[in-house]
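Below is data33.cif, holding mmCIF, C-alpha atoms and all ligand atoms.
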```
data_data
loop_
_atom_site.label_atom_id
_atom_site.label_comp_id
_atom_site.auth_asym_id
_atom_site.auth_seq_id
_atom_site.Cartn_x
_atom_site.Cartn_y
_atom_site.Cartn_z
CA MET D 1 0.00 0.00 0.00
CA GLU D 2 1.34 3.45 -0.88
CA GLN D 3 1.77 5.99 1.93
CA TRP D 4 1.45 9.74 2.35
CA ILE D 5 2.30 11.96 5.31
CA ALA D 6 0.85 15.28 6.42
CA PRO D 7 2.41 17.19 9.33
CA GLY D 8 1.07 18.99 12.39
CA ARG D 9 2.10 22.61 12.82
CA VAL D 10 3.14 25.26 15.25
CA ASN D 11 2.17 28.78 14.46
CA ILE D 12 5.10 31.14 15.01
CA ILE D 13 2.70 34.08 15.24
CA GLY D 14 -0.76 35.13 13.99
CA GLU D 15 -3.19 33.48 16.40
CA HIS D 16 -6.95 33.82 15.88
CA THR D 17 -6.29 35.98 12.85
CA ASP D 18 -7.15 33.37 10.19
CA TYR D 19 -10.94 33.57 10.49
CA ASN D 20 -10.62 37.36 10.56
CA ASP D 21 -9.14 37.32 7.03
CA GLY D 22 -5.72 38.22 8.47
CA PHE D 23 -2.14 36.96 8.49
CA VAL D 24 -0.49 33.82 9.89
CA LEU D 25 3.06 32.45 10.01
CA PRO D 26 3.15 28.71 10.78
CA ILE D 27 5.84 26.07 10.35
CA ALA D 28 5.16 22.37 9.71
CA LEU D 29 6.41 19.83 12.26
CA SER D 30 8.29 16.65 11.49
CA LEU D 31 5.51 14.87 13.45
CA GLY D 32 2.68 13.92 11.16
CA VAL D 33 -0.11 11.53 10.28
CA VAL D 34 0.77 8.77 7.83
CA CYS D 35 -2.05 7.58 5.57
CA GLY D 36 -1.66 4.30 3.71
CA ALA D 37 -4.16 4.16 0.88
CA GLY D 38 -5.09 1.83 -1.94
CA PRO D 39 -8.00 2.00 -4.37
CA ARG D 40 -10.88 -0.51 -4.39
CA GLY D 41 -13.43 -1.10 -7.07
CA ASP D 42 -16.43 -2.06 -4.93
CA GLY D 43 -17.54 1.38 -3.73
CA LEU D 44 -16.51 0.78 -0.08
CA VAL D 45 -14.24 2.76 2.22
CA ARG D 46 -12.44 0.55 4.68
CA LEU D 47 -10.82 2.60 7.44
CA ALA D 48 -8.40 1.44 10.13
CA SER D 49 -6.02 3.24 12.47
CA VAL D 50 -2.96 2.04 14.36
CA GLN D 51 -4.20 4.12 17.30
CA ARG D 52 -7.60 2.33 17.26
CA PRO D 53 -6.69 -1.35 17.15
CA GLY D 54 -9.62 -3.57 16.26
CA GLU D 55 -11.92 -0.70 15.25
CA VAL D 56 -12.33 -1.14 11.51
CA VAL D 57 -14.99 1.03 9.88
CA GLU D 58 -16.53 0.03 6.54
CA VAL D 59 -19.02 2.28 4.77
CA ARG D 60 -20.21 2.81 1.21
CA VAL D 61 -18.55 5.82 -0.41
CA ASP D 62 -21.90 7.13 -1.64
CA ASP D 63 -23.61 6.65 1.71
CA LEU D 64 -21.26 8.44 4.09
CA ALA D 65 -23.50 11.34 5.07
CA ALA D 66 -26.31 9.00 6.14
CA HIS D 67 -23.90 7.14 8.45
CA ARG D 68 -22.18 10.18 9.91
CA ASP D 69 -23.86 10.24 13.30
CA ARG D 70 -23.17 6.56 13.92
CA LEU D 71 -19.45 6.86 13.19
CA PRO D 72 -16.91 7.10 16.00
CA SER D 73 -15.75 10.72 16.22
CA TRP D 74 -12.15 9.97 15.13
CA ALA D 75 -13.46 8.39 11.91
CA ARG D 76 -15.44 11.49 10.96
CA TYR D 77 -12.25 13.34 10.00
CA PRO D 78 -10.94 10.91 7.36
CA LEU D 79 -14.41 9.92 6.15
CA GLY D 80 -15.39 13.59 5.96
CA VAL D 81 -12.54 14.01 3.47
CA VAL D 82 -13.81 11.08 1.38
CA ASP D 83 -17.27 12.64 1.48
CA GLU D 84 -15.88 16.00 0.28
CA PHE D 85 -14.28 14.30 -2.74
CA VAL D 86 -17.55 12.55 -3.58
CA ARG D 87 -19.52 15.79 -3.17
CA GLY D 88 -16.97 17.58 -5.33
CA GLY D 89 -17.81 15.18 -8.16
CA TYR D 90 -14.59 13.14 -8.05
CA ARG D 91 -15.07 9.47 -8.89
CA VAL D 92 -13.95 7.61 -5.78
CA THR D 93 -14.40 3.95 -6.67
CA GLY D 94 -13.66 2.77 -3.11
CA VAL D 95 -10.56 2.95 -0.97
CA ASN D 96 -8.66 1.28 1.86
CA LEU D 97 -7.28 3.79 4.36
CA GLU D 98 -4.81 2.93 7.13
CA LEU D 99 -3.87 5.74 9.47
CA ASP D 100 -0.99 6.16 11.86
CA GLY D 101 -0.80 9.45 13.74
CA ALA D 102 2.23 10.79 15.62
CA VAL D 103 0.94 14.29 16.39
CA PRO D 104 -0.12 14.51 20.05
CA ILE D 105 -3.90 14.95 20.27
CA GLY D 106 -5.25 17.99 22.14
CA ALA D 107 -1.83 19.65 22.26
CA GLY D 108 -2.77 22.50 19.93
CA LEU D 109 -0.43 21.12 17.25
CA SER D 110 -3.17 20.37 14.68
CA SER D 111 -3.42 16.62 14.88
CA SER D 112 -6.87 16.74 13.27
CA ALA D 113 -5.75 18.90 10.33
CA ALA D 114 -2.78 16.56 9.81
CA LEU D 115 -5.22 13.65 9.68
CA CYS D 116 -7.54 15.34 7.18
CA CYS D 117 -4.64 16.57 5.03
CA ALA D 118 -2.98 13.14 4.92
CA VAL D 119 -6.20 11.60 3.59
CA THR D 120 -6.73 14.53 1.21
CA ILE D 121 -3.32 14.21 -0.44
CA ALA D 122 -3.70 10.42 -0.71
CA LEU D 123 -7.12 10.74 -2.38
CA ARG D 124 -5.79 13.51 -4.63
CA ASP D 125 -3.08 11.23 -5.97
CA LEU D 126 -5.44 8.27 -6.34
CA PHE D 127 -8.57 9.94 -7.71
CA ALA D 128 -8.10 13.63 -8.55
CA PRO D 129 -4.54 14.37 -9.71
CA GLU D 130 -5.55 17.75 -11.12
CA LEU D 131 -6.42 19.19 -7.68
CA THR D 132 -4.44 22.30 -6.70
CA GLU D 133 -2.88 22.76 -3.28
CA ARG D 134 -5.43 25.46 -2.60
CA SER D 135 -8.30 23.04 -3.31
CA MET D 136 -6.69 20.46 -1.03
CA VAL D 137 -6.61 23.01 1.80
CA GLU D 138 -10.28 23.77 1.16
CA ILE D 139 -11.30 20.10 1.07
CA ALA D 140 -9.47 19.29 4.32
CA ARG D 141 -10.98 22.31 6.01
CA ALA D 142 -14.49 21.60 4.71
CA ALA D 143 -14.25 18.03 6.03
CA GLU D 144 -13.24 19.26 9.45
CA ASN D 145 -15.84 22.06 9.59
CA GLY D 146 -18.68 20.03 8.10
CA PHE D 147 -18.51 16.28 8.59
CA ALA D 148 -16.35 16.38 11.73
CA GLY D 149 -18.22 19.45 13.01
CA VAL D 150 -15.21 21.42 14.27
CA PRO D 151 -15.28 25.14 13.41
CA THR D 152 -11.64 25.82 12.44
CA GLY D 153 -10.24 28.57 10.24
CA LEU D 154 -7.76 27.52 7.56
CA LEU D 155 -4.45 28.08 9.35
CA ASP D 156 -3.87 24.43 10.22
CA GLN D 157 -4.73 22.90 6.85
CA SER D 158 -2.69 25.54 4.95
CA ALA D 159 0.29 24.86 7.17
CA SER D 160 0.02 21.10 6.70
CA ILE D 161 -0.29 21.33 2.90
CA LEU D 162 1.77 24.40 1.96
CA CYS D 163 4.71 24.56 4.36
CA THR D 164 8.21 23.72 3.13
CA GLU D 165 11.29 22.53 4.98
CA GLY D 166 13.41 25.30 6.48
CA HIS D 167 10.73 27.94 6.02
CA ALA D 168 7.85 29.58 7.81
CA LEU D 169 4.75 30.07 5.66
CA PHE D 170 3.56 33.67 5.51
CA LEU D 171 -0.07 33.47 4.47
CA ASP D 172 -2.44 36.32 3.73
CA VAL D 173 -5.64 34.44 4.44
CA ARG D 174 -7.94 36.83 2.57
CA ALA D 175 -5.77 36.79 -0.53
CA PHE D 176 -5.52 32.99 -0.34
CA THR D 177 -9.29 32.61 -0.02
CA MET D 178 -9.78 34.88 -3.04
CA ALA D 179 -7.13 32.88 -4.96
CA GLU D 180 -5.04 36.02 -5.46
CA PRO D 181 -1.49 35.53 -6.68
CA GLY D 182 1.21 36.06 -4.05
CA ALA D 183 -1.09 35.06 -1.18
CA SER D 184 1.65 32.96 0.37
CA GLU D 185 5.38 33.37 0.75
CA GLN D 186 8.01 30.96 2.07
CA ILE D 187 10.12 32.87 4.59
CA PRO D 188 13.53 31.31 5.37
CA PHE D 189 13.49 30.33 9.05
CA ASP D 190 16.82 28.85 10.02
CA LEU D 191 17.05 29.19 13.78
CA GLY D 192 19.95 26.74 14.01
CA ALA D 193 22.21 29.06 12.01
CA ALA D 194 21.62 31.71 14.68
CA GLY D 195 22.32 29.23 17.50
CA LEU D 196 18.65 29.18 18.46
CA THR D 197 16.08 26.47 19.09
CA LEU D 198 12.30 26.50 19.12
CA LEU D 199 11.12 24.66 22.21
CA VAL D 200 7.56 23.34 22.49
CA ALA D 201 6.09 22.54 25.89
CA ASP D 202 2.80 20.66 25.78
CA THR D 203 1.13 21.51 29.08
CA GLY D 204 -1.02 18.39 28.92
CA GLN D 205 -4.10 20.49 29.58
CA PRO D 206 -6.17 19.38 26.60
CA HIS D 207 -7.62 22.01 24.33
CA ASP D 208 -10.80 21.26 22.47
CA LEU D 209 -11.99 23.39 19.57
CA SER D 210 -15.54 22.15 19.89
CA ASP D 211 -16.08 23.08 23.53
CA GLY D 212 -17.63 26.48 22.75
CA GLY D 213 -14.85 28.94 23.69
CA TYR D 214 -13.40 28.96 20.17
CA ALA D 215 -16.78 29.47 18.48
CA GLU D 216 -17.61 32.20 20.98
CA ARG D 217 -14.42 34.10 20.09
CA ARG D 218 -15.25 33.82 16.40
CA ALA D 219 -18.73 35.20 17.03
CA GLN D 220 -17.30 38.09 19.06
CA CYS D 221 -14.88 38.96 16.25
CA ASP D 222 -17.74 38.92 13.74
CA ALA D 223 -19.81 41.12 16.04
CA ALA D 224 -16.94 43.60 16.36
CA ALA D 225 -16.48 43.72 12.57
CA ASP D 226 -20.24 44.24 12.11
CA ALA D 227 -20.31 47.03 14.67
CA LEU D 228 -17.49 48.75 12.75
CA ASN D 229 -19.23 48.15 9.46
CA LEU D 230 -16.32 46.11 8.15
CA SER D 231 -16.42 42.78 6.36
CA ALA D 232 -13.73 41.41 8.70
CA LEU D 233 -11.48 42.64 11.53
CA ARG D 234 -8.58 42.41 9.07
CA ASP D 235 -9.75 45.83 7.88
CA ALA D 236 -9.85 47.44 11.35
CA THR D 237 -7.12 49.80 12.58
CA THR D 238 -6.20 50.85 16.10
CA GLU D 239 -8.06 54.13 15.46
CA ASP D 240 -11.29 52.15 14.89
CA ILE D 241 -11.22 50.40 18.26
CA PRO D 242 -12.54 53.24 20.46
CA ARG D 243 -15.64 53.29 18.22
CA LEU D 244 -16.65 49.93 19.72
CA ARG D 245 -18.95 50.61 22.68
CA ASP D 246 -18.68 47.15 24.24
CA PRO D 247 -15.40 46.84 26.20
CA LEU D 248 -15.30 43.09 25.58
CA LEU D 249 -15.51 43.56 21.80
CA ARG D 250 -12.85 46.30 22.10
CA ARG D 251 -10.50 43.82 23.73
CA ARG D 252 -11.17 41.12 21.14
CA ALA D 253 -10.63 43.58 18.27
CA THR D 254 -7.49 44.94 19.92
CA HIS D 255 -5.99 41.47 19.89
CA VAL D 256 -6.76 40.85 16.22
CA VAL D 257 -5.54 44.27 15.04
CA THR D 258 -2.32 44.15 17.06
CA GLU D 259 -1.68 40.49 16.23
CA ASN D 260 -1.92 41.14 12.49
CA ALA D 261 0.57 44.00 12.94
CA ARG D 262 2.89 41.69 14.89
CA VAL D 263 2.83 39.09 12.11
CA LEU D 264 3.83 41.74 9.57
CA ALA D 265 6.58 43.01 11.89
CA VAL D 266 7.99 39.51 12.38
CA VAL D 267 7.90 38.84 8.64
CA ASP D 268 9.68 42.16 7.94
CA LYS D 269 12.45 41.26 10.37
CA LEU D 270 12.91 37.74 9.02
CA ARG D 271 12.82 38.92 5.40
CA ALA D 272 15.50 41.48 6.20
CA GLY D 273 17.69 38.71 7.62
CA ALA D 274 17.59 40.12 11.19
CA ASP D 275 18.82 38.01 14.11
CA PRO D 276 15.73 35.88 14.93
CA ARG D 277 16.22 36.79 18.61
CA ARG D 278 14.66 40.09 17.61
CA ILE D 279 11.28 38.49 16.98
CA GLY D 280 11.18 37.24 20.57
CA GLU D 281 9.53 40.33 22.05
CA LEU D 282 6.78 40.15 19.46
CA LEU D 283 6.08 36.53 20.41
CA THR D 284 5.79 37.48 24.06
CA ALA D 285 3.56 40.44 23.19
CA SER D 286 1.34 38.00 21.28
CA HIS D 287 1.00 35.86 24.40
CA ARG D 288 0.02 38.86 26.54
CA SER D 289 -2.55 39.89 23.97
CA LEU D 290 -4.03 36.37 23.85
CA ARG D 291 -4.07 36.30 27.65
CA ASP D 292 -5.39 39.77 28.41
CA ASP D 293 -7.36 40.91 25.36
CA PHE D 294 -8.50 37.66 23.79
CA GLU D 295 -8.73 35.87 27.16
CA ILE D 296 -7.96 32.37 25.91
CA SER D 297 -4.90 31.48 27.95
CA ALA D 298 -4.94 29.15 30.95
CA PRO D 299 -2.83 28.97 34.13
CA PRO D 300 -0.48 26.20 32.85
CA LEU D 301 0.13 28.13 29.61
CA ASP D 302 0.91 31.36 31.49
CA LEU D 303 3.16 29.51 33.90
CA ALA D 304 5.07 27.79 31.07
CA VAL D 305 5.56 31.12 29.27
CA ASP D 306 6.69 32.92 32.44
CA ALA D 307 9.04 30.07 33.37
CA ALA D 308 10.57 30.06 29.88
CA LEU D 309 11.11 33.83 29.94
CA ASP D 310 12.58 33.72 33.46
CA ALA D 311 14.94 30.99 32.24
CA GLY D 312 16.25 33.24 29.47
CA ALA D 313 13.94 32.58 26.50
CA HIS D 314 13.99 35.45 23.98
CA GLY D 315 10.24 35.16 23.58
CA ALA D 316 7.45 32.72 24.40
CA ARG D 317 3.74 32.35 23.78
CA MET D 318 0.83 29.96 23.80
CA VAL D 319 -0.03 28.49 20.38
CA GLY D 320 -3.20 27.27 18.71
CA GLY D 321 -6.83 27.62 19.67
CA GLY D 322 -6.25 28.27 23.38
CA PHE D 323 -7.59 27.25 26.79
CA GLY D 324 -4.93 24.53 26.90
CA GLY D 325 -2.38 22.88 24.63
CA SER D 326 1.20 24.00 24.08
CA ILE D 327 3.53 26.98 24.30
CA ILE D 328 6.55 27.77 22.15
CA ALA D 329 9.71 29.45 23.38
CA LEU D 330 12.61 30.84 21.36
CA VAL D 331 15.68 29.76 23.30
CA ASP D 332 19.47 29.43 23.22
CA HIS D 333 19.51 26.34 25.44
CA ALA D 334 16.45 24.11 25.20
CA ASP D 335 17.44 21.74 28.01
CA SER D 336 17.85 24.31 30.74
CA VAL D 337 14.66 26.15 29.79
CA ALA D 338 12.69 22.87 29.63
CA GLU D 339 14.07 21.94 33.06
CA GLN D 340 12.94 25.26 34.55
CA ILE D 341 9.44 24.80 33.12
CA MET D 342 9.31 21.27 34.65
CA LYS D 343 10.40 22.60 38.05
CA ARG D 344 7.83 25.38 38.07
CA PHE D 345 5.09 22.93 37.05
CA ALA D 346 6.08 20.57 39.86
CA THR D 347 6.01 23.42 42.40
CA ALA D 348 2.59 24.53 41.16
CA GLY D 349 1.26 20.97 41.37
CA PHE D 350 0.65 20.67 37.61
CA ALA D 351 1.32 17.39 35.81
CA PRO D 352 4.74 17.42 34.09
CA PRO D 353 4.63 19.00 30.62
CA ARG D 354 6.11 17.26 27.58
CA ALA D 355 8.93 19.36 26.12
CA PHE D 356 10.54 18.86 22.71
CA THR D 357 12.24 20.94 20.06
CA VAL D 358 10.96 21.51 16.53
CA GLU D 359 12.36 22.59 13.19
CA PRO D 360 10.46 23.72 10.11
CA ALA D 361 9.67 20.52 8.20
CA ALA D 362 8.08 19.74 4.82
CA GLY D 363 4.35 19.93 4.13
CA ALA D 364 2.20 16.97 3.05
CA HIS D 365 3.84 14.59 0.55
CA LYS D 366 3.98 11.03 -0.65
CA LEU D 367 6.47 8.75 1.11
CA ASP D 368 8.96 6.83 -1.05
C1 LIG P 1 -7.13 26.55 15.82
C2 LIG P 1 -7.92 26.64 14.52
C3 LIG P 1 -7.22 27.57 13.55
C4 LIG P 1 -6.89 28.91 14.19
C5 LIG P 1 -6.19 28.71 15.53
C6 LIG P 1 -5.97 30.00 16.26
O1 LIG P 1 -5.92 25.92 15.61
O2 LIG P 1 -8.05 25.38 13.94
O3 LIG P 1 -8.01 27.74 12.39
O4 LIG P 1 -8.02 29.72 14.30
O5 LIG P 1 -6.93 27.84 16.37
O6 LIG P 1 -5.04 30.78 15.60
#
```

Before we go any further, please render this structure as C-alpha cells.
Amino acid sequence: MEQWIAPGRVNIIGEHTDYNDGFVLPIALSLGVVCGAGPRGDGLVRLASVQRPGEVVEVRVDDLAAHRDRLPSWARYPLGVVDEFVRGGYRVTGVNLELDGAVPIGAGLSSSAALCCAVTIALRDLFAPELTERSMVEIARAAENGFAGVPTGLLDQSASILCTEGHALFLDVRAFTMAEPGASEQIPFDLGAAGLTLLVADTGQPHDLSDGGYAERRAQCDAAADALNLSALRDATTEDIPRLRDPLLRRRATHVVTENARVLAVVDKLRAGADPRRIGELLTASHRSLRDDFEISAPPLDLAVDAALDAGAHGARMVGGGFGGSIIALVDHADSVAEQIMKRFATAGFAPPRAFTVEPAAGAHKLD
C-alpha cells in the first residue's frame, strides 16, 4: 500500500487571525499523520487506524452522510474528506485507508488537520490528480468544519499542505481565499544558524476546539467587525477600536488588530535577515494579547511562558486555539529552559509537561 504523510504545525505568530481574514506564520512539524491508501473497485471505504486497534470502519462511499452520526468521532475526520471528494464530483471507486498518527492529540499542534490533510493528499493522488494545493486546503478544512463538526479557520490545513522545509509560511488568508497571486510566501526560518532552538512545551491540559470557547471568540470577532461596518477585523485599525462601545468587543478587536501588525513586523524582520532573537519580544507580546485581550490562555500556559522567559527565552507564547495545549519558546539552550518549566510545574502541582524541540519541516507529501 502506498503511503502519504501530512504534518502537524506550530504557528510562530498570527493566532486567531485566520478567520478574521488576516495573516499567519506557521511552520510544519516533522511529526505527522501517515495515511496508507489503496484504491478498491467495490464502492466501499475501509478505514483502520494504528491508534484504534480492532476498530475497523466500513461504509459505502456514496452513503457516508447517512452514516455520519453513527461513526466514532475519530473516523469522521478521514471519512469527511472522502465525502468531500464525492460531493466535489470526483469518482472515488472505493478505498482502503490505514492511518498512523504521531501528532499529540489535544496539544494545539493540529493533529486533526494533519489527519484530514494526509487523507486529502492520498485521495488527490489516487482519484483527482488535477487538484491544486489550494483546493486540497479547502477540502481538508471543509471536512473538518462540516462532517467532523469542528469550526476551524484555515491556518492548520494551509500549514500542513503548503509549508516547506526550512521555512515559515507567511499566508495572507484573505488573498488565499480569493485565490489572489502572491497570497503565500516561504520565509527562510533557520534558527539553528543563529544558534537558536524552538522549544515546544505541551502543558497536557487538553484544548478542544468544539467546547464552545473557540466558536464564541469567532462570534465576538464577527460582532466587532459588524459594529465597525467592516467585512472582517482584518480591515480594522487601532483608530477604529474606540468606536466599539462594548469593552469586551474592544479587547477582542485589539488582539486581532495588534496580532496582524505583529505578524507583519515579524515577517519584515525575518525577510530582512535580522537576528531571529529580535522576533522574541513580538512573540511574548502575542501571548500577553491572547491572555489579556482575547482571554484564551490558561494557568499552565501562562506559567510555562513565564518560566521560559525567566529561564532566558527570547520570547514565548501559547499556540493554537487556546484554553490549553502547548507553548513555544525561542531559546538558546532548550534543556535548561525545559528543566525550569518542569520545576515550576512541579512546584505549582501541575502534571509534568512534555517538552521537545521543533524545526520547520516539509508539508504533506507522498512517502517513497
Ligand atoms: C485553531 C484553529 C485555527 C486557528 C487557531 C488560532 O488551531 O483550527 O483555524 O483559528 O486555532 O489561531

Distance limit 7 Å, reference ligand LIG 1 (chain P), atoms considered: all atoms listed in the file. Which residues make the cut? Give them as a ChimeraX atom specification. /D:14-19,108,110,152-156,209,320-321

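Note that the spacing between atom CA of Asp125 of chain D and atom CA of Gly54 of chain D amounts to 27.5 Å.
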
Between D:Cys116, D:Leu270, D:Ala348, D:Ala232, single out the one closest to Phe147 of chain D, counting all atoms listed in the file. D:Cys116

Restricting the calculation to all atoms listed in the file: of D:Ala143, D:Ala113, D:Val173, D:Ala194, which residue gets closest to Leu25 of chain D?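 Answer, going by the shortest atom-to-atom distance: D:Val173.
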
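Comparing the minimum interatomic distances between Gly94 of chain D and each of D:Asp306, D:Asp42, D:Glu130, D:Glu144, counting all atoms listed in the file, we find that D:Asp42 sits nearest.
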
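Of the residues listed (D:Val10, D:Val45, D:Leu123, D:Ala201), D:Leu123 shows the shortest atom-to-atom separation from Lys366 of chain D; distances use all atoms listed in the file.
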
Report, in Å to a single decimal, how far apart atom CA of Ala361 of chain D and atom CA of Ala128 of chain D are.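 We find that atom CA of Ala128 of chain D and atom CA of Ala361 of chain D lie 25.4 Å from each other.
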
May I ask which of the residues D:Ser135, D:Arg262, D:Pro353, D:His365 is the closest one to Glu281 of chain D, counting all atoms listed in the file?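 Once distances to Glu281 of chain D are computed over all atoms listed in the file, the minimum belongs to D:Arg262.
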
Could you state the separation of atom CA of Ala28 of chain D and atom CA of Cys163 of chain D in Å, given to one decimal place?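 Answer for the atom CA of Ala28 of chain D to atom CA of Cys163 of chain D separation: 5.8 Å.
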
Name the residues in contact with Leu249 of chain D at a cut-off of 12 Å, using all atoms listed in the file, excluding same-chain residues fewer than 6 positions from it; report them as a list in words.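 Answer for this query is Glu216, Arg217, Arg218, Ala219, Gln220, Cys221, Asp222, Ala223, Ala224, Ala225, Asp226, Ala227, Leu228, Leu233, Asp240, Ile241, Pro242, Arg243, His255, Val256, Asp293, Phe294 and Glu295 of chain D.
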
Nearest to Ile121 of chain D, restricted to all atoms listed in the file and choosing among D:Gly192, D:Pro7, D:Gly213, D:Pro26, comes out as D:Pro7

Applying 6 Å and all atoms listed in the file, which residues near Arg60 of chain D remain after dropping the ones on its own chain fewer than 2 positions away? List them as a count of residues only. 4

Test item: residues at most 8 Å from Gly322 of chain D, all atoms listed in the file, excluding those fewer than 6 positions along its chain, as a PyMOL selection string: chain D and resi 108+207+214+296-298

Enumerate, in order of chain and increasing residue number, the residues of segment 12-65 of chain D with an atom no farther than 12 Å from segment 69-90 of chain D, each with its shortest atom pair and distance in Å to one decimal, counting only C-alpha atoms, as CSV.
```
residue,atom,partner,partner_atom,distance
D:Val33,CA,D:Pro78,CA,11.2
D:Val34,CA,D:Pro78,CA,11.9
D:Cys35,CA,D:Pro78,CA,9.7
D:Gly36,CA,D:Pro78,CA,12.0
D:Ala37,CA,D:Pro78,CA,11.6
D:Gly43,CA,D:Val86,CA,11.2
D:Leu44,CA,D:Val82,CA,10.7
D:Val45,CA,D:Leu79,CA,8.2
D:Arg46,CA,D:Leu79,CA,9.7
D:Leu47,CA,D:Ala75,CA,7.8
D:Ala48,CA,D:Ala75,CA,8.8
D:Ser49,CA,D:Ala75,CA,9.1
D:Gln51,CA,D:Trp74,CA,10.1
D:Arg52,CA,D:Trp74,CA,9.1
D:Glu55,CA,D:Pro72,CA,9.3
D:Val56,CA,D:Ala75,CA,9.6
D:Val57,CA,D:Ala75,CA,7.8
D:Glu58,CA,D:Leu71,CA,10.0
D:Val59,CA,D:Leu79,CA,9.0
D:Arg60,CA,D:Asp83,CA,10.3
D:Val61,CA,D:Asp83,CA,7.2
D:Asp62,CA,D:Val86,CA,7.2
D:Asp63,CA,D:Asp83,CA,8.7
D:Leu64,CA,D:Asp83,CA,6.4
D:Ala65,CA,D:Asp83,CA,7.3
```

Got time to write the residues from that selection, C-alpha atoms, as a PDB file, in the coordinates of the input?
```pdb
ATOM      1  CA  VAL D  33      -0.110  11.530  10.280  1.00  0.00           C
ATOM      2  CA  VAL D  34       0.770   8.770   7.830  1.00  0.00           C
ATOM      3  CA  CYS D  35      -2.050   7.580   5.570  1.00  0.00           C
ATOM      4  CA  GLY D  36      -1.660   4.300   3.710  1.00  0.00           C
ATOM      5  CA  ALA D  37      -4.160   4.160   0.880  1.00  0.00           C
ATOM      6  CA  GLY D  43     -17.540   1.380  -3.730  1.00  0.00           C
ATOM      7  CA  LEU D  44     -16.510   0.780  -0.080  1.00  0.00           C
ATOM      8  CA  VAL D  45     -14.240   2.760   2.220  1.00  0.00           C
ATOM      9  CA  ARG D  46     -12.440   0.550   4.680  1.00  0.00           C
ATOM     10  CA  LEU D  47     -10.820   2.600   7.440  1.00  0.00           C
ATOM     11  CA  ALA D  48      -8.400   1.440  10.130  1.00  0.00           C
ATOM     12  CA  SER D  49      -6.020   3.240  12.470  1.00  0.00           C
ATOM     13  CA  GLN D  51      -4.200   4.120  17.300  1.00  0.00           C
ATOM     14  CA  ARG D  52      -7.600   2.330  17.260  1.00  0.00           C
ATOM     15  CA  GLU D  55     -11.920  -0.700  15.250  1.00  0.00           C
ATOM     16  CA  VAL D  56     -12.330  -1.140  11.510  1.00  0.00           C
ATOM     17  CA  VAL D  57     -14.990   1.030   9.880  1.00  0.00           C
ATOM     18  CA  GLU D  58     -16.530   0.030   6.540  1.00  0.00           C
ATOM     19  CA  VAL D  59     -19.020   2.280   4.770  1.00  0.00           C
ATOM     20  CA  ARG D  60     -20.210   2.810   1.210  1.00  0.00           C
ATOM     21  CA  VAL D  61     -18.550   5.820  -0.410  1.00  0.00           C
ATOM     22  CA  ASP D  62     -21.900   7.130  -1.640  1.00  0.00           C
ATOM     23  CA  ASP D  63     -23.610   6.650   1.710  1.00  0.00           C
ATOM     24  CA  LEU D  64     -21.260   8.440   4.090  1.00  0.00           C
ATOM     25  CA  ALA D  65     -23.500  11.340   5.070  1.00  0.00           C
TER      26      ALA D  65
END
```
